[in-house]
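J.: Got a file for you: coords_6.txt, compact mmCIF, C-alpha atoms and all ligand atoms.
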```txt
# COMPACT_ATOMS: atom_id res chain seq x y z
CA MET I 139 90.25 123.22 86.79
CA VAL I 140 91.88 120.27 88.51
CA PRO I 141 89.52 117.70 90.11
CA ILE I 142 91.49 117.58 93.35
CA ALA I 143 90.66 114.92 95.92
CA GLN I 144 92.08 114.04 99.30
CA PRO I 145 93.56 110.67 100.26
CA GLY I 146 91.00 108.38 101.95
CA PRO I 147 87.24 107.97 101.59
CA LEU I 148 85.43 109.30 98.52
CA THR I 149 83.46 112.40 99.41
CA ASP I 150 80.24 113.42 97.64
CA THR I 151 82.03 116.24 95.83
CA GLU I 152 84.82 113.90 94.74
CA ARG I 153 82.24 111.45 93.38
CA PHE I 154 80.56 114.23 91.44
CA MET I 155 83.89 115.37 89.99
CA PHE I 156 84.82 111.80 89.08
CA GLU I 157 81.49 111.23 87.36
CA SER I 158 81.78 114.54 85.50
CA MET I 159 85.45 114.57 84.52
CA GLY I 160 86.31 110.86 84.67
CA TYR I 161 89.30 111.33 86.94
CA LEU I 162 90.58 112.68 90.23
CA VAL I 163 94.01 113.90 91.26
CA ILE I 164 95.05 112.91 94.78
CA PRO I 165 98.04 114.91 96.03
CA GLY I 166 100.17 113.22 98.67
CA ALA I 167 98.67 109.75 98.17
CA LEU I 168 102.05 108.24 99.03
CA THR I 169 104.57 109.35 101.62
CA THR I 170 108.04 110.43 100.56
CA GLU I 171 109.41 107.12 101.81
CA GLU I 172 106.80 105.04 99.97
CA THR I 173 107.42 106.98 96.77
CA ALA I 174 111.18 106.57 97.02
CA ALA I 175 110.81 102.82 97.59
CA CYS I 176 108.47 102.45 94.58
CA LEU I 177 110.80 104.50 92.39
CA GLU I 178 113.77 102.39 93.41
CA ALA I 179 111.82 99.23 92.62
CA SER I 180 110.75 100.63 89.24
CA GLN I 181 114.27 101.65 88.30
CA ARG I 182 115.55 98.24 89.33
CA ALA I 183 112.96 96.56 87.11
CA HIS I 184 113.58 98.72 84.08
CA GLY I 185 117.35 98.85 84.49
CA ALA I 186 119.47 101.95 84.68
CA GLU I 187 118.51 103.03 81.17
CA PRO I 188 114.99 102.20 80.08
CA GLY I 189 115.88 103.47 76.60
CA ALA I 190 112.34 103.16 75.28
CA TRP I 191 108.82 103.68 76.58
CA ARG I 192 108.00 100.42 78.31
CA GLN I 193 105.50 98.95 80.74
CA ILE I 194 106.38 96.03 83.02
CA GLY I 195 103.56 93.97 84.52
CA HIS I 196 102.98 92.31 87.92
CA LEU I 197 105.89 93.89 89.79
CA HIS I 198 103.66 93.62 92.87
CA GLU I 199 104.73 89.97 93.05
CA THR I 200 108.42 90.72 93.45
CA GLU I 201 108.62 94.26 94.85
CA PRO I 202 107.21 94.75 98.37
CA ALA I 203 106.96 98.54 97.94
CA ILE I 204 104.69 98.03 94.93
CA GLU I 205 102.74 95.24 96.62
CA LYS I 206 101.73 97.83 99.25
CA LEU I 207 99.95 99.85 96.56
CA LEU I 208 97.42 97.06 95.93
CA ASP I 209 95.33 98.09 98.94
CA HIS I 210 96.84 101.45 99.81
CA PRO I 211 94.63 103.31 102.31
CA SER I 212 94.87 106.59 100.38
CA VAL I 213 93.02 105.05 97.49
CA LEU I 214 91.34 101.77 98.47
CA PRO I 215 88.29 103.46 100.07
CA LYS I 216 87.68 105.36 96.84
CA ILE I 217 87.96 102.16 94.79
CA ARG I 218 85.43 100.48 97.06
CA ALA I 219 83.11 103.48 96.85
CA LEU I 220 83.17 103.35 93.05
CA LEU I 221 83.31 99.59 92.38
CA GLY I 222 81.69 98.11 95.47
CA ASP I 223 83.41 95.37 97.44
CA TYR I 224 83.71 92.73 94.74
CA PHE I 225 86.63 93.55 92.47
CA ILE I 226 90.12 92.37 91.61
CA VAL I 227 93.46 93.89 90.72
CA GLN I 228 93.35 93.09 87.03
CA SER I 229 96.87 94.31 86.37
CA THR I 230 99.73 96.42 87.60
CA TRP I 231 101.94 98.24 85.10
CA CYS I 232 105.11 100.13 85.79
CA THR I 233 105.72 102.63 83.01
CA ALA I 234 109.11 104.10 82.21
CA GLN I 235 109.27 106.94 79.76
CA PRO I 236 112.80 107.86 78.79
CA ALA I 237 114.26 111.33 79.06
CA HIS I 238 113.32 113.31 75.96
CA GLY I 239 110.65 110.72 75.14
CA LYS I 240 107.90 111.70 72.73
CA ALA I 241 104.18 111.90 73.45
CA GLY I 242 101.92 108.88 73.10
CA GLY I 243 98.65 108.76 71.19
CA TYR I 244 95.19 109.30 72.67
CA HIS I 245 93.28 106.14 73.50
CA GLN I 246 90.76 104.59 75.85
CA ASP I 247 91.89 101.58 77.86
CA GLY I 248 90.37 98.16 77.80
CA SER I 249 90.51 95.17 75.62
CA GLY I 250 91.73 96.35 72.22
CA VAL I 251 90.38 93.30 70.43
CA TYR I 252 86.91 93.78 71.89
CA GLU I 253 86.63 97.39 72.93
CA PHE I 254 84.67 98.12 76.06
CA ARG I 255 82.78 100.84 74.22
CA ARG I 256 81.10 98.07 72.19
CA LEU I 257 79.21 97.14 75.35
CA SER I 258 77.43 100.44 75.64
CA ILE I 259 77.77 104.18 75.19
CA PRO I 260 78.77 105.84 77.46
CA THR I 261 81.37 103.15 77.98
CA PRO I 262 80.87 101.46 81.36
CA LEU I 263 83.41 101.62 84.16
CA LEU I 264 85.35 98.35 83.80
CA GLN I 265 88.84 99.40 84.74
CA LEU I 266 89.39 101.88 87.52
CA ARG I 267 93.00 102.91 87.24
CA VAL I 268 95.37 104.57 89.66
CA GLY I 269 98.61 106.02 88.33
CA TYR I 270 101.09 106.91 91.07
CA TYR I 271 103.53 109.54 89.92
CA LEU I 272 106.99 108.44 91.06
CA THR I 273 109.03 111.21 89.45
CA ASP I 274 108.43 114.93 89.38
CA GLN I 275 105.68 115.90 86.94
CA SER I 276 104.77 119.17 88.58
CA GLN I 277 105.15 121.06 85.30
CA PRO I 278 104.07 120.18 81.75
CA ASP I 279 106.56 118.32 79.52
CA MET I 280 107.62 115.98 82.29
CA GLY I 281 105.90 112.91 80.85
CA ASN I 282 102.59 113.87 82.49
CA MET I 283 99.42 112.01 81.75
CA VAL I 284 97.22 114.06 79.43
CA MET I 285 93.46 113.62 79.76
CA ILE I 286 90.42 114.78 77.81
CA PRO I 287 88.05 115.69 80.66
CA GLY I 288 84.63 114.06 80.46
CA SER I 289 85.51 112.05 77.34
CA HIS I 290 84.47 108.76 78.99
CA SER I 291 80.92 109.92 78.26
CA SER I 292 81.52 110.76 74.61
CA SER I 293 79.41 108.83 72.12
CA VAL I 294 82.04 109.29 69.41
CA LYS I 295 85.70 108.39 69.26
CA ILE I 296 88.42 110.97 69.19
CA PRO I 297 89.01 111.99 65.54
CA LYS I 298 92.16 110.66 63.86
CA SER I 299 93.05 114.24 62.96
CA VAL I 300 93.80 114.93 66.63
CA VAL I 301 97.54 114.52 67.11
CA ALA I 302 99.33 114.99 70.41
CA ASP I 303 100.95 118.42 70.65
CA ASP I 304 100.76 119.08 66.87
CA ALA I 305 97.00 119.17 66.33
CA ASP I 306 95.79 118.76 69.86
CA LEU I 307 92.39 119.49 71.33
CA PRO I 308 92.05 122.79 73.19
CA ILE I 309 90.35 120.92 76.02
CA HIS I 310 93.27 118.62 76.87
CA ASP I 311 94.43 118.63 80.47
CA VAL I 312 98.09 118.05 81.27
CA VAL I 313 97.88 116.50 84.72
CA CYS I 314 100.66 117.89 86.86
CA GLY I 315 101.71 116.24 90.07
CA LYS I 316 104.57 115.77 92.47
CA PRO I 317 106.14 112.41 93.26
CA GLY I 318 103.65 110.53 95.43
CA ASP I 319 100.55 112.12 93.89
CA ALA I 320 98.01 109.80 92.29
CA LEU I 321 95.71 110.04 89.29
CA LEU I 322 92.56 107.94 89.61
CA PHE I 323 90.75 107.49 86.31
CA HIS I 324 87.97 105.74 84.39
CA GLN I 325 89.39 103.64 81.54
CA GLY I 326 87.02 105.34 79.13
CA VAL I 327 88.65 108.75 79.44
CA PHE I 328 90.71 109.41 76.30
CA HIS I 329 94.24 109.89 77.54
CA ARG I 330 97.86 109.67 76.52
CA THR I 331 101.41 109.91 77.73
CA GLY I 332 102.72 113.46 77.54
CA ARG I 333 106.15 114.21 76.10
CA ASN I 334 109.08 114.17 78.47
CA ALA I 335 111.37 117.08 77.64
CA GLN I 336 113.46 116.49 80.76
CA ASP I 337 116.91 115.00 81.14
CA PHE I 338 115.58 112.27 83.43
CA ASP I 339 113.36 109.23 82.87
CA ARG I 340 109.77 109.38 84.05
CA TYR I 341 108.21 106.58 86.11
CA THR I 342 104.53 106.04 86.87
CA MET I 343 103.10 102.97 88.62
CA HIS I 344 99.59 101.97 87.54
CA ILE I 345 97.26 99.71 89.50
CA VAL I 346 94.14 98.62 87.59
CA TYR I 347 91.01 97.49 89.45
CA ALA I 348 88.22 95.61 87.66
CA PRO I 349 85.15 93.45 88.23
CA PRO I 350 86.03 89.86 89.23
CA TRP I 351 84.86 88.41 85.92
CA LEU I 352 87.55 90.14 83.88
CA ILE I 353 90.70 88.05 83.50
CA PRO I 354 94.02 89.49 84.67
CA SER I 355 95.90 91.13 81.82
CA ASP I 356 99.44 91.44 83.19
CA ARG I 357 99.91 87.77 84.15
CA SER I 358 98.79 84.34 83.01
CA HIS I 359 98.63 83.15 86.62
CA ASN I 360 99.44 84.42 90.09
CA ASP I 361 102.85 83.43 91.43
CA PRO I 362 102.14 80.77 94.10
CA ALA I 363 105.00 82.04 96.30
CA PHE I 364 103.52 85.54 96.24
CA LEU I 365 100.06 84.23 97.11
CA GLU I 366 101.53 82.26 99.98
CA ARG I 367 103.31 85.19 101.58
CA THR I 368 100.92 88.10 100.91
CA THR I 369 98.02 89.23 103.11
CA PRO I 370 94.49 87.75 102.92
CA VAL I 371 93.07 90.94 101.39
CA ARG I 372 95.76 91.13 98.73
CA ARG I 373 95.36 87.43 97.99
CA ALA I 374 91.64 88.01 97.48
CA LEU I 375 92.37 90.98 95.21
CA MET I 376 94.43 88.71 92.98
CA GLY I 377 91.20 87.00 92.01
CA GLU I 378 92.12 83.70 93.65
CA TRP I 379 88.99 81.91 94.69
CA LYS I 380 87.52 78.47 94.52
CA ARG I 381 84.82 78.17 91.92
CA PRO I 382 81.59 78.52 93.83
CA GLU I 383 78.52 76.45 93.06
CA GLU I 384 77.25 79.22 90.84
CA PRO I 385 79.94 81.42 89.32
CA PHE I 386 80.03 84.81 91.04
CA GLY I 387 76.89 83.97 92.93
CA VAL I 388 76.54 81.80 95.99
CA GLY I 389 79.86 81.10 97.67
CA TYR I 390 81.84 83.97 96.20
CA ASP I 391 83.52 85.45 99.22
CA ARG I 392 83.82 89.15 99.84
CA PRO I 393 87.49 90.11 100.25
CA PRO I 394 88.27 90.25 103.97
CA PHE I 395 88.47 94.05 104.25
CA ALA I 396 89.01 95.38 107.76
CA ASP I 397 85.60 97.11 107.80
O1 LIG J 401 102.36 106.67 80.24
C1 LIG J 401 101.78 106.04 81.12
O2 LIG J 401 102.24 105.87 82.23
C2 LIG J 401 100.42 105.46 80.86
C3 LIG J 401 100.22 105.08 79.49
C4 LIG J 401 98.81 104.75 79.16
O3 LIG J 401 98.17 105.53 78.54
C5 LIG J 401 98.21 103.48 79.54
O4 LIG J 401 98.80 102.68 80.27
O5 LIG J 401 97.08 103.24 79.10
```
Spit out the file's structure as structure tokens when you get a sec.
T.:
Amino acid sequence: MVPIAQPGPLTDTERFMFESMGYLVIPGALTTEETAACLEASQRAHGAEPGAWRQIGHLHETEPAIEKLLDHPSVLPKIRALLGDYFIVQSTWCTAQPAHGKAGGYHQDGSGVYEFRRLSIPTPLLQLRVGYYLTDQSQPDMGNMVMIPGSHSSSVKIPKSVVADDADLPIHDVVCGKPGDALLFHQGVFHRTGRNAQDFDRYTMHIVYAPPWLIPSDRSHNDPAFLERTTPVRRALMGEWKRPEEPFGVGYDRPPFAD
């Protein structure tokens, strides 16, 4: 029951699956070379031994392989189909989960101090996330993301009695994927990190897209050197704009997409 999608534009069936399940799995989103370059960059950032579960933000500023993910053609058309043309990259997070690392707890993403679900139920789409699998997660127990399908539409929170692996829900989905596959998901889907029973560390690179009025969460400011050297589209996706006469109204430029 995997909501499989193809790299590139969002089809009607993919949109329906996304709306119903809250996520899509995109096999082969990255080439072998792109995946290897992102993995190398991630390992460099985390060091040879990550030791603990850890997320590092804004690697797109220093690692060209990760910068390429900001507007990757396998995924960007789907982001535009779901968010429209006015959005930013709110954050990028490179997760390392150590070998033999334990499972994480179920949660929805967003601002913990002011949960998105306070805005309305079902919780609105405010962070559209893409997790690129950089290491093999083609079987369970490889640090896979675990999702509760359709839970972005739930009017109630996941009960505290639900505990990963020990007292789990029968409807949980362990998302399997090969290196280079991507998981596109709505921040409201209850999800968690799956346990990694392998002898190797697991790496996943997340890119988080959001409306332009959310502030970036992985950086206090954009690195000026990065802004200077990156492309016009990527610069626009960093949320760099001059304050227009009316915020987000007149004068707010559309990012210079090719089409
Ligand atoms: O384990 C991961 O890569 C993702 C963790 C997670 O749930 C999150 O970033 O919200």
J.: For ligand LIG 401 (chain J), which of I:Tyr161, I:Tyr224, I:Phe254, I:Tyr271 is the closest residue, counting all atoms listed in the file?
T.: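 Comparing I:Tyr161, I:Tyr224, I:Phe254, I:Tyr271 against ligand LIG 401 (chain J), the winner is I:Tyr271.
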J.: Extract, using all atoms listed in the file, all DNA, RNA and protein residues at most 7 Å from stretch 288-301 of chain I, discarding same-chain residues fewer than 6 positions from it, and format them as a PyMOL selection string.
T.: chain I and resi 158-160+259-261+307+326-328
J.: Write a file of the just-selected residues containing C-alpha atoms, as a tab-separated table (two decimals), keeping the file's coordinate frame.
T.:
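And here is the file that came out, part.tsv:
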```tsv
chain	number	residue	atom	x	y	z
I	158	SER	CA	81.78	114.54	85.50
I	159	MET	CA	85.45	114.57	84.52
I	160	GLY	CA	86.31	110.86	84.67
I	259	ILE	CA	77.77	104.18	75.19
I	260	PRO	CA	78.77	105.84	77.46
I	261	THR	CA	81.37	103.15	77.98
I	307	LEU	CA	92.39	119.49	71.33
I	326	GLY	CA	87.02	105.34	79.13
I	327	VAL	CA	88.65	108.75	79.44
I	328	PHE	CA	90.71	109.41	76.30
```
J.: So that each row is one residue of chain I with an atom at most 6 Å from ligand LIG 401 (chain J), can you give its shortest atom pair and the distance in Å to one decimal, using all atoms listed in the file, rows by chain and rising number, as CSV?
T.:
```
residue,atom,partner,partner_atom,distance
I:Thr233,CA,J:LIG401,O2,4.8
I:Asp247,CA,J:LIG401,O5,5.6
I:His329,CA,J:LIG401,O3,6.0
I:Arg330,CA,J:LIG401,O3,4.6
I:Thr331,CA,J:LIG401,O1,4.2
I:Thr342,CA,J:LIG401,O2,5.2
```
J.: So what do you get for atom CA of I:Trp231 versus atom CA of I:Ile194, distance-wise?
T.: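 We find that atom CA of I:Trp231 and atom CA of I:Ile194 lie 5.4 Å from each other.
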J.: For a quick check of understanding, using only C-alpha atoms, which of I:Ile164, I:Arg218, I:Arg182, I:Glu172 has the smallest distance to I:Gln144?
T.: I:Ile164
J.: Mind pulling up the distance from atom CA of I:Leu221 to atom CA of I:Phe323?
T.: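 Between atom CA of I:Phe323 and atom CA of I:Leu221 the gap is 12.4 Å.
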J.: Smallest atom-to-atom distance to I:Gln275: which of I:Pro308, I:Gly243, I:Gly332, I:Pro262, using all atoms listed in the file?
T.: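 Answer, going by the shortest atom-to-atom distance: I:Gly332.
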J.: One number please: atom CA of I:His210 to atom CA of I:Glu366, in Å, one decimal.
T.: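 Interatomic distance here is 19.8 Å.
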J.: Using all atoms listed in the file, which protein or nucleic acid residues come within 12 Å of I:Pro147? Drop anything in the same chain fewer than 6 positions from it, and give the result as number ranges by chain.
T.: I: 153, 164, 210-220
J.: Write out the residues from the selection above, keeping C-alpha atoms, as an mmCIF file, in the coordinates of the input.
T.:
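Result written to result.cif:
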```
data_model
loop_
_atom_site.group_PDB
_atom_site.id
_atom_site.type_symbol
_atom_site.label_atom_id
_atom_site.label_comp_id
_atom_site.auth_asym_id
_atom_site.auth_seq_id
_atom_site.Cartn_x
_atom_site.Cartn_y
_atom_site.Cartn_z
ATOM 1 C CA ARG I 153 82.240 111.450 93.380
ATOM 2 C CA ILE I 164 95.050 112.910 94.780
ATOM 3 C CA HIS I 210 96.840 101.450 99.810
ATOM 4 C CA PRO I 211 94.630 103.310 102.310
ATOM 5 C CA SER I 212 94.870 106.590 100.380
ATOM 6 C CA VAL I 213 93.020 105.050 97.490
ATOM 7 C CA LEU I 214 91.340 101.770 98.470
ATOM 8 C CA PRO I 215 88.290 103.460 100.070
ATOM 9 C CA LYS I 216 87.680 105.360 96.840
ATOM 10 C CA ILE I 217 87.960 102.160 94.790
ATOM 11 C CA ARG I 218 85.430 100.480 97.060
ATOM 12 C CA ALA I 219 83.110 103.480 96.850
ATOM 13 C CA LEU I 220 83.170 103.350 93.050
#
```
J.: So which residues are close to (101.2, 109.7, 75.7), meaning at most 10 Å away in the file's coordinates with only C-alpha atoms counted, and can you show them as a list in words?
T.: Trp191, Gln235, Gly239, Lys240, Ala241, Gly242, Gly243, Tyr244, His245, Gly281, Asn282, Met283, Val284, Met285, Ala302, His329, Arg330, Thr331, Gly332, Arg333 and Asn334 of chain I
J.: For a cutoff of 12 Å around the file-coordinate point (113.1, 99.0, 90.1), which residues qualify once you count all atoms listed in the file? I'd like the result as a VMD selection string.
T.: chain I and resid 173 to 188 194 197 to 198 200 to 204 232 to 234 272 341 to 343
J.: Excluding same-chain residues fewer than 5 positions from I:Thr368, what lies within 10 Å of it counting all atoms listed in the file, as an NGL selection string?
T.: :I and (199 or 202 or 205-206 or 363 or 373-374)
J.: Taking into account all atoms listed in the file, which residue in the set I:His344, I:Leu322, I:Val371, I:Gly250 is nearest to I:Asp397?
T.: I:Val371
J.: I:Leu375, I:Val312, I:Met155, I:Ile286: which is nearest I:Val346, counting all atoms listed in the file?
T.: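 For I:Val346, the nearest of the given residues is I:Leu375.
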J.: I:Gln336, I:Ser258, I:Gln277, I:Thr151: which is nearest I:Pro236, counting all atoms listed in the file?
T.: I:Gln336
